[in-house]
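See below for data30.cif, which holds mmCIF, C-alpha atoms.
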data_upload
#
loop_
_atom_site.label_atom_id
_atom_site.label_comp_id
_atom_site.auth_asym_id
_atom_site.auth_seq_id
_atom_site.Cartn_x
_atom_site.Cartn_y
_atom_site.Cartn_z
CA MET A 203 70.25 12.39 -59.32
CA THR A 204 69.91 13.16 -63.02
CA LEU A 205 66.64 13.39 -64.93
CA GLY A 206 67.79 10.32 -66.87
CA GLU A 207 67.84 8.30 -63.63
CA VAL A 208 64.41 9.68 -62.67
CA ARG A 209 63.18 8.56 -66.06
CA ARG A 210 64.37 4.99 -65.44
CA LEU A 211 62.95 4.85 -61.90
CA LEU A 212 59.53 6.07 -63.02
CA SER A 213 59.43 4.36 -66.46
CA CYS A 214 58.87 7.73 -68.09
CA GLU A 215 58.12 8.64 -71.64
CA ILE A 216 59.60 11.93 -72.84
CA PHE A 217 57.42 14.64 -74.35
CA ALA A 218 60.04 17.39 -74.47
CA GLY A 219 63.68 17.82 -73.56
CA ASP A 220 65.29 14.45 -74.34
CA GLU A 221 68.53 16.41 -74.84
CA MET A 222 68.33 17.67 -71.23
CA LEU A 223 68.29 14.37 -69.32
CA GLU A 224 71.73 15.11 -67.84
CA ARG A 225 70.19 17.86 -65.70
CA THR A 226 70.51 17.26 -61.97
CA VAL A 227 67.46 17.12 -59.76
CA THR A 228 68.20 18.10 -56.16
CA PHE A 229 64.72 18.51 -54.71
CA GLY A 230 61.24 17.36 -55.54
CA CYS A 231 57.79 18.88 -55.13
CA ALA A 232 54.32 17.65 -56.03
CA SER A 233 51.20 19.75 -56.51
CA ASP A 234 48.37 20.58 -58.87
CA LEU A 235 48.28 24.09 -57.43
CA MET A 236 50.69 26.29 -59.33
CA SER A 237 50.54 29.00 -56.65
CA ASP A 238 51.80 26.45 -54.12
CA VAL A 239 54.65 25.57 -56.45
CA LEU A 240 55.50 29.26 -56.88
CA ALA A 241 55.34 29.84 -53.12
CA PHE A 242 57.25 26.84 -51.84
CA SER A 243 59.52 25.41 -54.52
CA ARG A 244 63.19 26.13 -54.96
CA ALA A 245 65.17 26.70 -58.15
CA GLY A 246 66.33 23.37 -59.56
CA ALA A 247 63.44 21.33 -58.18
CA LEU A 248 61.55 18.62 -60.04
CA LEU A 249 57.75 19.02 -60.17
CA LEU A 250 55.35 16.08 -60.14
CA THR A 251 51.88 17.13 -61.16
CA GLY A 252 48.59 16.02 -62.63
CA LEU A 253 47.94 19.47 -64.08
CA VAL A 254 48.66 19.52 -67.79
CA ASN A 255 48.31 22.94 -69.38
CA VAL A 256 50.41 25.88 -70.52
CA GLN A 257 50.44 27.35 -67.00
CA THR A 258 52.27 24.24 -65.76
CA ILE A 259 55.12 25.10 -68.14
CA GLN A 260 55.01 28.85 -67.40
CA THR A 261 55.20 28.08 -63.68
CA ALA A 262 58.22 25.82 -64.19
CA PHE A 263 59.97 28.53 -66.21
CA ILE A 264 59.16 31.30 -63.71
CA ALA A 265 60.17 29.20 -60.67
CA GLU A 266 63.26 27.80 -62.49
CA LEU A 267 62.36 24.15 -62.05
CA ASN A 268 64.61 21.57 -63.69
CA GLY A 269 61.82 19.41 -65.03
CA ILE A 270 58.19 18.27 -64.89
CA ILE A 271 56.83 14.73 -64.48
CA LEU A 272 53.18 14.28 -65.44
CA VAL A 273 51.69 11.52 -63.32
CA ARG A 274 49.19 8.72 -63.93
CA GLY A 275 49.77 8.43 -67.67
CA LYS A 276 48.64 11.94 -68.55
CA HIS A 277 49.55 13.36 -71.95
CA PRO A 278 50.18 16.99 -72.88
CA ASN A 279 48.67 18.49 -76.02
CA GLY A 280 50.83 19.91 -78.82
CA LYS A 281 50.72 23.49 -77.50
CA VAL A 282 51.98 22.41 -74.08
CA GLU A 283 54.79 20.33 -75.62
CA GLU A 284 55.79 23.18 -77.88
CA LEU A 285 55.96 25.66 -74.97
CA ALA A 286 58.04 23.18 -72.93
CA ARG A 287 60.56 22.95 -75.77
CA GLU A 288 60.59 26.72 -76.23
CA LYS A 289 61.17 27.33 -72.50
CA LYS A 290 63.67 24.45 -72.25
CA ILE A 291 61.66 22.63 -69.59
CA PRO A 292 62.02 18.83 -69.77
CA LEU A 293 58.51 17.32 -69.77
CA LEU A 294 58.14 13.63 -68.94
CA GLY A 295 55.23 11.36 -68.14
CA THR A 296 55.01 8.41 -65.75
CA PRO A 297 52.35 5.71 -65.53
CA TYR A 298 52.60 5.83 -61.70
CA SER A 299 50.15 7.78 -59.55
CA MET A 300 51.30 10.96 -57.83
CA TYR A 301 51.62 9.14 -54.50
CA GLU A 302 53.59 6.22 -55.92
CA ALA A 303 55.86 8.40 -58.05
CA CYS A 304 56.68 10.64 -55.06
CA GLY A 305 57.33 7.58 -52.90
CA ILE A 306 59.74 6.07 -55.42
CA LEU A 307 61.74 9.29 -55.76
CA TYR A 308 61.73 10.00 -52.02
CA ARG A 309 62.99 6.48 -51.29
CA ALA A 310 65.69 6.98 -53.93
CA GLY A 311 66.96 10.00 -51.98
CA ILE A 312 65.33 13.09 -53.53
CA PRO A 313 64.22 15.29 -50.61
CA SER A 314 61.22 17.62 -50.57
CA THR A 315 61.59 21.22 -51.65
CA MET A 316 58.43 22.33 -49.91
CA GLN A 317 58.91 23.65 -46.42
CA PRO A 318 55.79 25.70 -45.79
CA GLU A 319 56.71 26.27 -42.17
CA PRO A 320 60.22 25.22 -41.19
CA GLY A 321 60.31 23.19 -38.00
CA LEU A 322 56.54 22.65 -37.69
CA ALA A 323 56.65 18.91 -38.32
CA GLU A 324 59.46 18.49 -35.78
CA ARG A 325 57.58 20.49 -33.14
CA ARG A 326 54.40 18.48 -33.69
CA ALA A 327 56.40 15.27 -33.30
CA GLY A 328 57.76 16.64 -30.02
CA LYS A 329 61.37 16.60 -31.17
CA MET B 96 73.76 51.22 -65.21
CA SER B 97 73.01 54.76 -64.15
CA ARG B 98 69.71 55.57 -65.76
CA LYS B 99 66.20 54.29 -65.30
CA ILE B 100 64.93 51.61 -67.66
CA ALA B 101 61.16 51.26 -68.01
CA GLN B 102 58.92 49.14 -70.19
CA VAL B 103 55.15 48.77 -70.41
CA PHE B 104 53.35 45.55 -71.35
CA ALA B 105 49.67 45.00 -72.10
CA VAL B 106 47.73 42.07 -70.58
CA ARG B 107 44.30 40.89 -71.71
CA GLY B 108 41.73 39.57 -69.27
CA LYS B 109 40.38 36.01 -69.66
CA ASP B 110 43.37 35.07 -71.85
CA PHE B 111 44.04 31.83 -69.99
CA LEU B 112 46.34 30.44 -72.68
CA GLY B 113 48.43 33.60 -73.00
CA GLY B 114 48.69 34.26 -69.26
CA GLY B 115 52.29 34.29 -68.13
CA ARG B 116 53.70 35.63 -71.39
CA VAL B 117 54.46 39.08 -69.97
CA SER B 118 56.08 37.68 -66.81
CA THR B 119 58.34 35.39 -68.79
CA GLU B 120 59.31 38.32 -71.03
CA ILE B 121 60.12 40.46 -67.99
CA LYS B 122 62.07 37.60 -66.49
CA THR B 123 64.16 37.17 -69.64
CA MET B 124 64.72 40.93 -69.85
CA LEU B 125 65.94 41.24 -66.24
CA ARG B 126 68.19 38.22 -66.68
CA GLU B 127 69.76 39.75 -69.78
CA LEU B 128 70.32 43.01 -67.88
CA GLY B 129 72.43 41.07 -65.40
CA ILE B 130 70.17 41.31 -62.32
CA ALA B 131 71.03 38.75 -59.59
CA PRO B 132 69.27 35.41 -60.27
CA GLU B 133 67.51 35.28 -56.89
CA ILE B 134 66.04 38.77 -57.41
CA VAL B 135 64.98 37.84 -60.96
CA ARG B 136 63.22 34.72 -59.66
CA ARG B 137 61.33 36.66 -56.98
CA VAL B 138 60.29 39.44 -59.38
CA ALA B 139 59.15 36.82 -61.89
CA ILE B 140 57.03 34.94 -59.33
CA ALA B 141 55.38 38.12 -58.03
CA THR B 142 54.75 39.43 -61.54
CA TYR B 143 53.32 36.10 -62.68
CA GLU B 144 50.85 36.05 -59.78
CA ALA B 145 49.83 39.63 -60.60
CA GLU B 146 49.46 38.72 -64.28
CA MET B 147 47.32 35.66 -63.50
CA ASN B 148 45.09 37.80 -61.25
CA ILE B 149 44.55 40.11 -64.23
CA VAL B 150 43.86 37.16 -66.55
CA MET B 151 41.39 35.69 -64.06
CA TYR B 152 39.51 38.78 -62.94
CA ALA B 153 40.17 41.91 -65.01
CA GLU B 154 39.19 43.15 -68.47
CA GLU B 155 42.58 44.51 -69.43
CA ALA B 156 45.68 45.89 -67.80
CA THR B 157 49.17 47.21 -68.18
CA ILE B 158 52.20 45.90 -66.37
CA THR B 159 55.05 48.37 -66.09
CA VAL B 160 58.50 47.32 -65.01
CA GLU B 161 61.02 49.92 -63.94
CA LEU B 162 64.64 49.31 -63.16
CA THR B 163 66.92 51.71 -61.33
CA PRO B 164 70.35 50.96 -59.85
CA GLN B 165 68.61 50.51 -56.48
CA ALA B 166 65.45 48.56 -57.18
CA VAL B 167 63.07 46.77 -59.53
CA ARG B 168 59.58 48.20 -59.40
CA VAL B 169 56.52 46.62 -61.01
CA VAL B 170 53.10 48.26 -61.36
CA ALA B 171 50.09 46.25 -62.53
CA GLU B 172 47.10 48.47 -63.19
CA ASP B 173 43.86 46.97 -64.41
CA ARG B 174 40.37 47.89 -65.50
CA GLY B 175 38.12 45.39 -63.76
CA PRO B 176 35.82 44.61 -60.86
CA GLY B 177 38.26 45.75 -58.17
CA ILE B 178 38.84 44.10 -54.80
CA PRO B 179 36.12 45.00 -52.27
CA ASP B 180 38.12 43.94 -49.20
CA ILE B 181 41.90 43.96 -49.69
CA GLY B 182 42.58 42.70 -46.16
CA LEU B 183 40.48 39.62 -46.84
CA ALA B 184 42.14 39.06 -50.24
CA MET B 185 45.54 39.12 -48.54
CA GLN B 186 44.63 36.11 -46.38
CA GLU B 187 46.08 32.84 -47.60
CA GLY B 188 43.30 30.59 -48.82
CA PHE B 189 40.68 33.30 -49.36
CA SER B 190 39.47 32.98 -52.94
CA THR B 191 36.63 33.96 -55.22
CA ALA B 192 37.91 31.81 -58.09
CA THR B 193 35.71 29.97 -60.57
CA PRO B 194 36.28 26.31 -61.55
CA GLU B 195 37.84 27.50 -64.84
CA MET B 196 40.48 29.43 -62.88
CA ARG B 197 41.16 26.48 -60.61
CA GLU B 198 41.60 24.19 -63.60
CA MET B 199 44.57 26.31 -64.63
CA GLY B 200 46.20 25.67 -61.24
CA PHE B 201 45.37 29.09 -59.80
CA GLY B 202 42.66 30.65 -57.70
CA ALA B 203 43.58 28.92 -54.45
CA GLY B 204 43.86 32.17 -52.56
CA MET B 205 47.65 32.32 -52.72
CA GLY B 206 48.19 35.08 -55.29
CA LEU B 207 48.45 38.26 -53.23
CA PRO B 208 50.15 36.51 -50.27
CA ASN B 209 52.68 35.11 -52.76
CA ILE B 210 53.37 38.59 -54.11
CA LYS B 211 53.92 39.86 -50.56
CA ARG B 212 56.22 36.94 -49.74
CA ASN B 213 58.49 37.64 -52.71
CA THR B 214 58.76 41.43 -52.55
CA ASP B 215 60.23 44.06 -50.23
CA ARG B 216 57.38 46.56 -50.61
CA LEU B 217 53.79 46.05 -51.74
CA SER B 218 50.92 48.45 -52.06
CA ILE B 219 47.45 47.66 -53.37
CA THR B 220 44.72 50.16 -54.11
CA SER B 221 41.38 49.27 -55.59
CA THR B 222 38.06 50.86 -56.45
CA ALA B 223 35.07 48.54 -56.73
CA GLY B 224 33.77 48.52 -60.29
CA ARG B 225 36.79 50.41 -61.62
CA GLY B 226 39.95 48.43 -61.16
CA THR B 227 42.99 47.56 -59.10
CA ARG B 228 46.54 48.85 -58.91
CA VAL B 229 49.20 46.54 -57.49
CA GLU B 230 52.64 48.02 -57.03
CA PHE B 231 55.63 46.20 -55.64
CA ALA B 232 59.37 46.67 -55.46
CA LEU B 233 62.46 44.64 -54.69
CA ASP B 234 65.75 46.17 -53.62
CA ILE B 235 68.79 45.19 -55.60
CA HIS B 236 71.63 44.41 -53.25
#

As structure tokens, please, write out the structure in this file.
Amino acid sequence: MTLGEVRRLLSCEIFAGDEMLERTVTFGCASDLMSDVLAFSRAGALLLTGLVNVQTIQTAFIAELNGIILVRGKHPNGKVEELAREKKIPLLGTPYSMYEACGILYRAGIPSTMQPEPGLAERRAGK
Amino acid sequence: MSRKIAQVFAVRGKDFLGGGRVSTEIKTMLRELGIAPEIVRRVAIATYEAEMNIVMYAEEATITVELTPQAVRVVAEDRGPGIPDIGLAMQEGFSTATPEMREMGFGAGMGLPNIKRNTDRLSITSTAGRGTRVEFALDIH
């Protein structure tokens, strides 16, 4: 799925990177903990977060994420927008809550990037 | 590349807005030197965690990156409070972070475990009241 399609699904406004909406998003992750994102995300993932500061952008650059969606109508300040443009990280905002936004994207076929312990969920479910 | 390339960067403590600048510079540098993308990503993540630890806890520090044909080595050496119990600090979830640190998305007790996860060798030495030295390396295959 492209970022442009994500934008339509989540009724996003664009704060930075409107020239990068052709980027493909293969996986999704959602967290306000940047260390969790650094530990468990994969390159090319889309991040949904409620954390809006320069470290959100730095984390996306370091972990090579393909874009950031700010949830629940949050707005970045000018410094954050500027850094997103400088680091070429598309920064979008959705009116949906984190839970709703994740649900919409998951239902549309974007799988999770976070696999803290591979196989644990299957074992717990007795599969 | 046959020789060793080394560069030293300065990091200021409590610089929450500037934190990450050195790691992104190192990342860009390694990329331009043609290091494999997966290695660059792992070095960048480990260095960023080390840099944020400095920003959160230390007064000041240097981060040195060294590149040989075999490995990337990073040394983060700070002047700061030190880590009284390194074994405890290595446990996922153990944290002494303040609310200000948590507001930046860090301080959840994942920093040192994240560095270990992304590197091939890690050594930490610390003296209470003096500072901490974190050294890690990744082999280039």

Next on the checklist: Residue by residue, what does the PyMOL selection byres ((chain A) within 10 of (chain B)) grab here? Present the result as a ChimeraX atom specification.
Outcome noted: /A:233-242,244-245,253-261,263-266,281-282,289

Next on the checklist: With all atoms listed in the file as the counted atoms, please give the residues lying no more than 8 Å from stretch 270-273 of chain A, apart from itself and same-chain residues fewer than 2 positions off, as a list of chain:residue names.
Outcome noted: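 Returned residues: A:Leu248, A:Leu249, A:Leu250, A:Thr251, A:Gly252, A:Leu253, A:Val254, A:Ala262, A:Leu267, A:Asn268, A:Gly275, A:Lys276, A:His277, A:Ile291, A:Pro292, A:Leu293, A:Leu294, A:Gly295, A:Thr296, A:Pro297, A:Tyr298, A:Ser299, A:Met300, A:Ala303.
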
Next on the checklist: Using Å and a single decimal, report how far atom CA of B:Ala171 sits from atom CA of B:Lys109.
Outcome noted: 15.8 Å

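Note that atom CA of B:Leu217 and atom CA of B:Asp173 are 16.1 Å apart.
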
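For the choices A:Ser243, A:Arg274, A:Glu224, A:Ile216, the atom-to-atom distance to A:Tyr301 is smallest for A:Arg274 when using all atoms listed in the file.
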
Could you pull stretch 254-327 of chain A out of the block above and give me C-alpha atoms, as a PDB file, in the first residue's frame?
ATOM      1  CA  VAL A 254       5.156  14.594  18.683  1.00  0.00           C
ATOM      2  CA  ASN A 255       8.694  15.877  19.135  1.00  0.00           C
ATOM      3  CA  VAL A 256      12.042  15.954  17.367  1.00  0.00           C
ATOM      4  CA  GLN A 257      12.951  12.513  18.738  1.00  0.00           C
ATOM      5  CA  THR A 258       9.987  11.020  16.850  1.00  0.00           C
ATOM      6  CA  ILE A 259      11.594  12.199  13.604  1.00  0.00           C
ATOM      7  CA  GLN A 260      15.136  11.193  14.636  1.00  0.00           C
ATOM      8  CA  THR A 261      13.845   7.721  15.502  1.00  0.00           C
ATOM      9  CA  ALA A 262      12.149   7.387  12.112  1.00  0.00           C
ATOM     10  CA  PHE A 263      15.352   8.421  10.352  1.00  0.00           C
ATOM     11  CA  ILE A 264      17.569   6.101  12.416  1.00  0.00           C
ATOM     12  CA  ALA A 265      15.208   3.112  12.055  1.00  0.00           C
ATOM     13  CA  GLU A 266      14.551   3.890   8.347  1.00  0.00           C
ATOM     14  CA  LEU A 267      10.789   4.131   8.645  1.00  0.00           C
ATOM     15  CA  ASN A 268       8.829   5.145   5.552  1.00  0.00           C
ATOM     16  CA  GLY A 269       6.519   7.555   7.314  1.00  0.00           C
ATOM     17  CA  ILE A 270       4.869   8.761  10.517  1.00  0.00           C
ATOM     18  CA  ILE A 271       1.146   9.172  11.260  1.00  0.00           C
ATOM     19  CA  LEU A 272       0.328  11.361  14.264  1.00  0.00           C
ATOM     20  CA  VAL A 273      -2.909  10.141  15.806  1.00  0.00           C
ATOM     21  CA  ARG A 274      -5.913  11.821  17.416  1.00  0.00           C
ATOM     22  CA  GLY A 275      -5.548  15.151  15.631  1.00  0.00           C
ATOM     23  CA  LYS A 276      -2.143  16.032  17.053  1.00  0.00           C
ATOM     24  CA  HIS A 277      -0.107  18.769  15.386  1.00  0.00           C
ATOM     25  CA  PRO A 278       3.671  19.078  15.181  1.00  0.00           C
ATOM     26  CA  ASN A 279       5.397  22.390  15.856  1.00  0.00           C
ATOM     27  CA  GLY A 280       7.512  24.145  13.216  1.00  0.00           C
ATOM     28  CA  LYS A 281      10.803  22.605  14.410  1.00  0.00           C
ATOM     29  CA  VAL A 282       9.410  19.084  14.121  1.00  0.00           C
ATOM     30  CA  GLU A 283       8.010  19.758  10.636  1.00  0.00           C
ATOM     31  CA  GLU A 284      11.286  21.272   9.517  1.00  0.00           C
ATOM     32  CA  LEU A 285      13.290  18.257  10.741  1.00  0.00           C
ATOM     33  CA  ALA A 286      10.861  15.873   9.003  1.00  0.00           C
ATOM     34  CA  ARG A 287      11.420  17.694   5.716  1.00  0.00           C
ATOM     35  CA  GLU A 288      15.186  17.754   6.235  1.00  0.00           C
ATOM     36  CA  LYS A 289      15.304  14.011   7.003  1.00  0.00           C
ATOM     37  CA  LYS A 290      12.801  13.197   4.222  1.00  0.00           C
ATOM     38  CA  ILE A 291      10.337  11.570   6.603  1.00  0.00           C
ATOM     39  CA  PRO A 292       6.700  11.969   5.506  1.00  0.00           C
ATOM     40  CA  LEU A 293       4.714  13.308   8.486  1.00  0.00           C
ATOM     41  CA  LEU A 294       0.931  13.005   8.408  1.00  0.00           C
ATOM     42  CA  GLY A 295      -1.830  13.458  10.952  1.00  0.00           C
ATOM     43  CA  THR A 296      -5.103  11.580  11.366  1.00  0.00           C
ATOM     44  CA  PRO A 297      -8.161  12.530  13.416  1.00  0.00           C
ATOM     45  CA  TYR A 298      -8.589   8.858  14.428  1.00  0.00           C
ATOM     46  CA  SER A 299      -7.351   7.495  17.754  1.00  0.00           C
ATOM     47  CA  MET A 300      -4.340   5.192  17.822  1.00  0.00           C
ATOM     48  CA  TYR A 301      -6.573   2.136  18.247  1.00  0.00           C
ATOM     49  CA  GLU A 302      -8.933   3.074  15.423  1.00  0.00           C
ATOM     50  CA  ALA A 303      -6.150   4.082  13.036  1.00  0.00           C
ATOM     51  CA  CYS A 304      -4.296   0.802  13.645  1.00  0.00           C
ATOM     52  CA  GLY A 305      -7.519  -1.155  13.158  1.00  0.00           C
ATOM     53  CA  ILE A 306      -8.276   0.524   9.842  1.00  0.00           C
ATOM     54  CA  LEU A 307      -4.788  -0.142   8.463  1.00  0.00           C
ATOM     55  CA  TYR A 308      -4.660  -3.706   9.799  1.00  0.00           C
ATOM     56  CA  ARG A 309      -8.031  -4.484   8.212  1.00  0.00           C
ATOM     57  CA  ALA A 310      -6.752  -2.980   4.952  1.00  0.00           C
ATOM     58  CA  GLY A 311      -3.916  -5.515   4.955  1.00  0.00           C
ATOM     59  CA  ILE A 312      -0.894  -3.811   6.544  1.00  0.00           C
ATOM     60  CA  PRO A 313       0.661  -6.368   8.921  1.00  0.00           C
ATOM     61  CA  SER A 314       2.500  -5.606  12.155  1.00  0.00           C
ATOM     62  CA  THR A 315       6.239  -5.058  12.133  1.00  0.00           C
ATOM     63  CA  MET A 316       6.616  -5.717  15.827  1.00  0.00           C
ATOM     64  CA  GLN A 317       7.448  -9.278  16.740  1.00  0.00           C
ATOM     65  CA  PRO A 318       8.908  -8.994  20.220  1.00  0.00           C
ATOM     66  CA  GLU A 319       9.051 -12.750  20.629  1.00  0.00           C
ATOM     67  CA  PRO A 320       8.379 -14.758  17.490  1.00  0.00           C
ATOM     68  CA  GLY A 321       5.923 -17.582  18.041  1.00  0.00           C
ATOM     69  CA  LEU A 322       4.812 -16.545  21.547  1.00  0.00           C
ATOM     70  CA  ALA A 323       1.261 -15.638  20.544  1.00  0.00           C
ATOM     71  CA  GLU A 324       0.870 -18.929  18.665  1.00  0.00           C
ATOM     72  CA  ARG A 325       2.163 -20.946  21.633  1.00  0.00           C
ATOM     73  CA  ARG A 326      -0.179 -19.165  24.039  1.00  0.00           C
ATOM     74  CA  ALA A 327      -3.093 -19.904  21.709  1.00  0.00           C
TER      75      ALA A 327
END
